[in-house]
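Below is one structure, written out as structure tokens; the observations come after it.
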Amino acid sequence: MLRRAVPLGALAMCGALLTACAGAGGAGSGSGSHSINVLMVNNPQMADLQNLTADNFTKQTGIKVNFTLLPENDVRDKITQDFSSQAGQYDVATISNYETPIYAKNGWLAPLTSYAKKDTAFDQGDILPAMRQSLTASGQIYAEPFYGESSFLMYRKDIFKEKGLTMPTNPTWQQVAALAAKADGAKPGMKGICLRGLPGWGEVMAPLTTVVNTMGGTWFDKDWKAQVDSPAFEKATKFYVDLVRSHGEAGAPQSGFAECLNDTEQGKVAMWYDATSAAGSLEASGSPVAGKMGYAPAPVGQTKSSGWLYTWAWGVQKASKHRDDAWKFISWASSKKYEDLVGSKLGWSNVPAGKRTSTYANPKYVAAASAFATATANALKSADPGNPGVQPRPAPGIQFVGIPEFTDLGTQVSQQISSAIAGKTSVEKALKASQVLAEKVAAKYDAK
């Protein structure tokens with residue numbers, strides 16, 4: 001939702017080959033008697049982790065890590081399948097603050113509280129409060145964050161200067177739409193904005209739901225009445241669909257985080273609304289747009305803020321027979337020491353940030369991430385999962401609804417929205433069909 005451009009084909013190949021790309025020769029100087037299987041999303045930060053593991057973690061511990069990397073939608077399906085059946089194929093997987101309380105309640109995760117308490121070097125107290133809370137259930141820690149993110153608006157400062165455009169300090173969506181129209185065509189082939197259109201509850205529905213929230217809508221009211229075809233939800237969805245169809249990227253119905261990242265780096269769009277984690281990639285050494293980007297708060301309508309709250313975190317399958325080794329990997333991958341390693345090897349802007357208070361007090365990181373560090377920290381602080389809109393909600397969540405059924409509901413609704421972006425159906429028809437789906441979910445809770 002959590003993401004620098006990497007060859008998707010190469011990462012998919014890693015996923016297909018399972019261990020072939022997984023720290024080849026990773027047992028290296030270790031005994032080879034210890035190994036764990038890690039399933040993770042193919043975001044850039046995870047690719048960096050994969051590349052650094054054998055020469056650092058494995059060399060130090062003797063624990064070989066077999067990585068499988070898959071695209072976001074695919075990895076969610078595979079994790080759910082393996083963890084729900086407790087098949088034990090994977091010891092560790094990247095899960096989010098959406099899945100963690102649900103998986104914990106279902107008994108699919110091993111609690112990590114005792115490990116975190118014993119491992120004082122890990123410094124659990126340094127984890128940002130919002131992240132700690134979102135990964136804790138019934139008083140137990142069930143996941144540790146690899147990196148955290150909110151969302152904000154990224155834009156080309158040089159293009160805005162050339163066109164005489166000014167980004168407001170706290171932009172509204174109406175202002176953003178006007179800027180997108182003026183920036184459209186600023187360079188040959190450049191579009192005004194990139195917005196996700198790819199189906200998936202964690203793809204198009206993530207940014208769209210934040211627009212719905214700030215424009216007065218909600219998936220369900222406090223009494224579990226479905227509101228997907230309400231005037232406010234329809235207004236926000238029409239706005240989003242019209243904006244991306246009029247001034248959005250080419251191939252929008254197939255564009256998710258990775259595609260928008262590539263489009264932004266390649267100068268194909270003047271603005272992009274998405275995850276704060278993208279900034280590290282945009283500002284990385286070698287990025288064609290490094291130093292050219294500006295960062296503004298997530299655009300709003302009726303609310304003071306609208307950025308989401310999300311973390312890709314490490315969860316250990318309860319059926320794992322290698323919990324001790326799994327914790328050693330997690331405590332390394334989410335540590336301050338690992339952040340220092342990334343900073344020294346790959347550049348400080350590439351650090352998987354957004355999870356630790358100390359990161360934003362680290363002068364090396366702050367200096368390297370000066371373009372976006374403050375904007376990211378402010379976005380994380382202003383995110384309010386319990387109160388993201390203008391009305392009370394029956395379940396927590398900003399870019400999702402914190403119930404198990406949202407995986408299927410959000411995915412099915414996303415397919416309707418993506419179809420509207422493609423021009424194959426109208427927003428009205430898409431939401432009418434989606435309302436029926438939402439009412440079925442609501443009936444389960446309304447009856448309780």
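Letters for chains follow the order of the structure tokens (A, B, ...), residue numbers begin at 1 for each chain, and ligand numbers begin at 1 in the order shown.
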
Please identify which residues in segment 70-242 of chain A DSSP calls alpha helix (DSSP H) from the backbone, and express them as a VMD selection string.
chain A and resid 72 to 85 99 to 106 113 to 118 129 to 134 157 to 163 173 to 183 205 to 214 231 to 242

Report the residues of segment 156-342 of chain A whose backbone DSSP state falls under strand (DSSP E), written as JSON, numbers by chain.
{"A": [156, 271, 272, 273, 274, 275, 293, 294, 295, 296, 297, 310, 311, 312, 313, 314, 315, 316]}

With segment 90-107 of chain A as the partner and 6 Å as the cut-off, tabulate the residues of segment 237-336 of chain A that qualify, each row holding the nearest pair of atoms and their distance in Å to one decimal, using only C-alpha atoms, sorted by chain and rising number, as a Markdown table.
| residue | atom | partner | partner_atom | distance |
| --- | --- | --- | --- | --- |
| A:Thr311 | CA | A:Ser96 | CA | 5.4 |
| A:Trp312 | CA | A:Ser96 | CA | 4.9 |
| A:Ala313 | CA | A:Thr94 | CA | 5.3 |
| A:Trp314 | CA | A:Thr94 | CA | 4.9 |
| A:Gly315 | CA | A:Ala93 | CA | 5.5 |
| A:Val316 | CA | A:Val92 | CA | 4.6 |
| A:Gln317 | CA | A:Asp91 | CA | 5.5 |
| A:Ser320 | CA | A:Asp91 | CA | 5.1 |

Output the selection as a CSV table (one decimal), in the first residue's frame - N, CA and C atoms for each residue.
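What follows is the written file selection19.csv:
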chain,number,residue,atom,x,y,z
A,311,THR,N,1.5,-0.4,7.7
A,311,THR,CA,2.8,-0.9,8.0
A,311,THR,C,2.9,-2.3,7.3
A,312,TRP,N,4.0,-2.6,6.7
A,312,TRP,CA,4.4,-4.0,6.3
A,312,TRP,C,5.2,-4.5,7.5
A,313,ALA,N,4.7,-5.5,8.1
A,313,ALA,CA,5.3,-6.0,9.3
A,313,ALA,C,5.5,-7.5,9.2
A,314,TRP,N,6.3,-8.0,10.1
A,314,TRP,CA,6.7,-9.5,10.1
A,314,TRP,C,5.8,-10.2,11.1
A,315,GLY,N,5.1,-11.2,10.6
A,315,GLY,CA,4.3,-12.1,11.5
A,315,GLY,C,4.9,-13.5,11.4
A,316,VAL,N,4.9,-14.2,12.5
A,316,VAL,CA,5.4,-15.6,12.5
A,316,VAL,C,4.2,-16.6,12.6
A,317,GLN,N,4.2,-17.5,11.7
A,317,GLN,CA,3.1,-18.5,11.7
A,317,GLN,C,3.1,-19.3,12.9
A,320,SER,N,4.9,-22.6,12.8
A,320,SER,CA,6.3,-22.6,12.6
A,320,SER,C,7.1,-23.4,13.6

Atom pair atom CA of Thr210 of chain A / atom CA of Ser306 of chain A: separation (Å)
5.8 Å

So which residues touch segment 292-294 of chain A within 7 Å, counting only C-alpha atoms, skipping near sequence neighbours fewer than 4 positions away, as a PyMOL selection string?
chain A and resi 154-158

Deliver the residues from the most recent selection as a file, using N, CA and C atoms, as a PDB file, in the first residue's frame.
ATOM      1  N   MET A 154       2.881  13.747  -3.950  1.00  0.00           N
ATOM      2  CA  MET A 154       4.208  14.002  -4.492  1.00  0.00           C
ATOM      3  C   MET A 154       4.068  14.751  -5.809  1.00  0.00           C
ATOM      4  N   TYR A 155       4.919  15.738  -6.042  1.00  0.00           N
ATOM      5  CA  TYR A 155       4.789  16.535  -7.265  1.00  0.00           C
ATOM      6  C   TYR A 155       6.143  17.023  -7.739  1.00  0.00           C
ATOM      7  N   ARG A 156       6.223  17.309  -9.032  1.00  0.00           N
ATOM      8  CA  ARG A 156       7.447  17.781  -9.657  1.00  0.00           C
ATOM      9  C   ARG A 156       7.590  19.285  -9.453  1.00  0.00           C
ATOM     10  N   LYS A 157       8.504  19.679  -8.586  1.00  0.00           N
ATOM     11  CA  LYS A 157       8.714  21.102  -8.315  1.00  0.00           C
ATOM     12  C   LYS A 157       9.158  21.851  -9.577  1.00  0.00           C
ATOM     13  N   ASP A 158      10.014  21.210 -10.374  1.00  0.00           N
ATOM     14  CA  ASP A 158      10.513  21.884 -11.573  1.00  0.00           C
ATOM     15  C   ASP A 158       9.404  22.121 -12.592  1.00  0.00           C
TER      16      ASP A 158
END

Which residues of segment 247-334 of chain A come within 9 Å of segment 380-394 of chain A, and what is each one's closest atom pair and distance in Å (one decimal), counting only C-alpha atoms, sorted by chain and residue number, as JSON lines?
{"residue": "A:Gln302", "atom": "CA", "partner": "A:Val390", "partner_atom": "CA", "distance": 7.4}
{"residue": "A:Thr303", "atom": "CA", "partner": "A:Gly389", "partner_atom": "CA", "distance": 6.5}
{"residue": "A:Lys304", "atom": "CA", "partner": "A:Ser382", "partner_atom": "CA", "distance": 9.0}
{"residue": "A:Ser305", "atom": "CA", "partner": "A:Ser382", "partner_atom": "CA", "distance": 6.7}
{"residue": "A:Ser306", "atom": "CA", "partner": "A:Pro388", "partner_atom": "CA", "distance": 6.9}
{"residue": "A:Gly307", "atom": "CA", "partner": "A:Ala383", "partner_atom": "CA", "distance": 5.8}
{"residue": "A:Trp308", "atom": "CA", "partner": "A:Ala383", "partner_atom": "CA", "distance": 6.0}
{"residue": "A:Leu309", "atom": "CA", "partner": "A:Ala383", "partner_atom": "CA", "distance": 6.0}

Pick from A:Glu162, A:Asp184, A:Asp221, A:Asp263: nearest to Glu439 of chain A, with only C-alpha atoms counted?
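Among A:Glu162, A:Asp184, A:Asp221, A:Asp263, it is A:Asp221 that comes nearest to Glu439 of chain A.
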
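Taking only C-alpha atoms, the non-local environment of Ala177 of chain A within 9 Å (same-chain residues fewer than 5 positions away omitted) comprises A:Thr172, A:Lys182, A:Gly192, A:Ile193, A:Phe239, A:Leu243, A:His247.
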
Output of the above residues as a compact mmCIF listing (two decimals), in the first residue's frame, restricted to N, CA and C atoms:
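Dumped everything to again_6.txt:
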# COMPACT_ATOMS: atom_id res chain seq x y z
N THR A 172 -6.48 20.90 -1.13
CA THR A 172 -7.75 20.19 -1.19
C THR A 172 -7.75 19.38 -2.48
N LYS A 182 -3.79 21.63 -15.31
CA LYS A 182 -2.80 22.60 -15.81
C LYS A 182 -1.45 21.95 -16.09
N GLY A 192 -1.13 14.72 -15.85
CA GLY A 192 -1.19 15.56 -14.67
C GLY A 192 -0.99 14.84 -13.35
N ILE A 193 -1.47 13.59 -13.24
CA ILE A 193 -1.40 12.89 -11.95
C ILE A 193 -1.45 11.38 -12.16
N PHE A 239 -15.45 11.67 -8.49
CA PHE A 239 -14.33 12.60 -8.54
C PHE A 239 -13.04 11.86 -8.88
N LEU A 243 -11.08 12.18 -12.43
CA LEU A 243 -9.74 12.76 -12.40
C LEU A 243 -8.73 11.86 -13.09
N HIS A 247 -7.03 13.18 -16.49
CA HIS A 247 -5.65 13.67 -16.39
C HIS A 247 -4.69 12.65 -15.77

Smallest atom-to-atom distance to Ser358 of chain A: which of A:Glu72, A:Asp126, A:Glu405, A:Asp55, using only C-alpha atoms?
A:Asp126

Closest of A:Met271, A:Val211, A:Ala375, A:Asp324 to Leu179 of chain A - atom-to-atom distances counting only C-alpha atoms
A:Met271
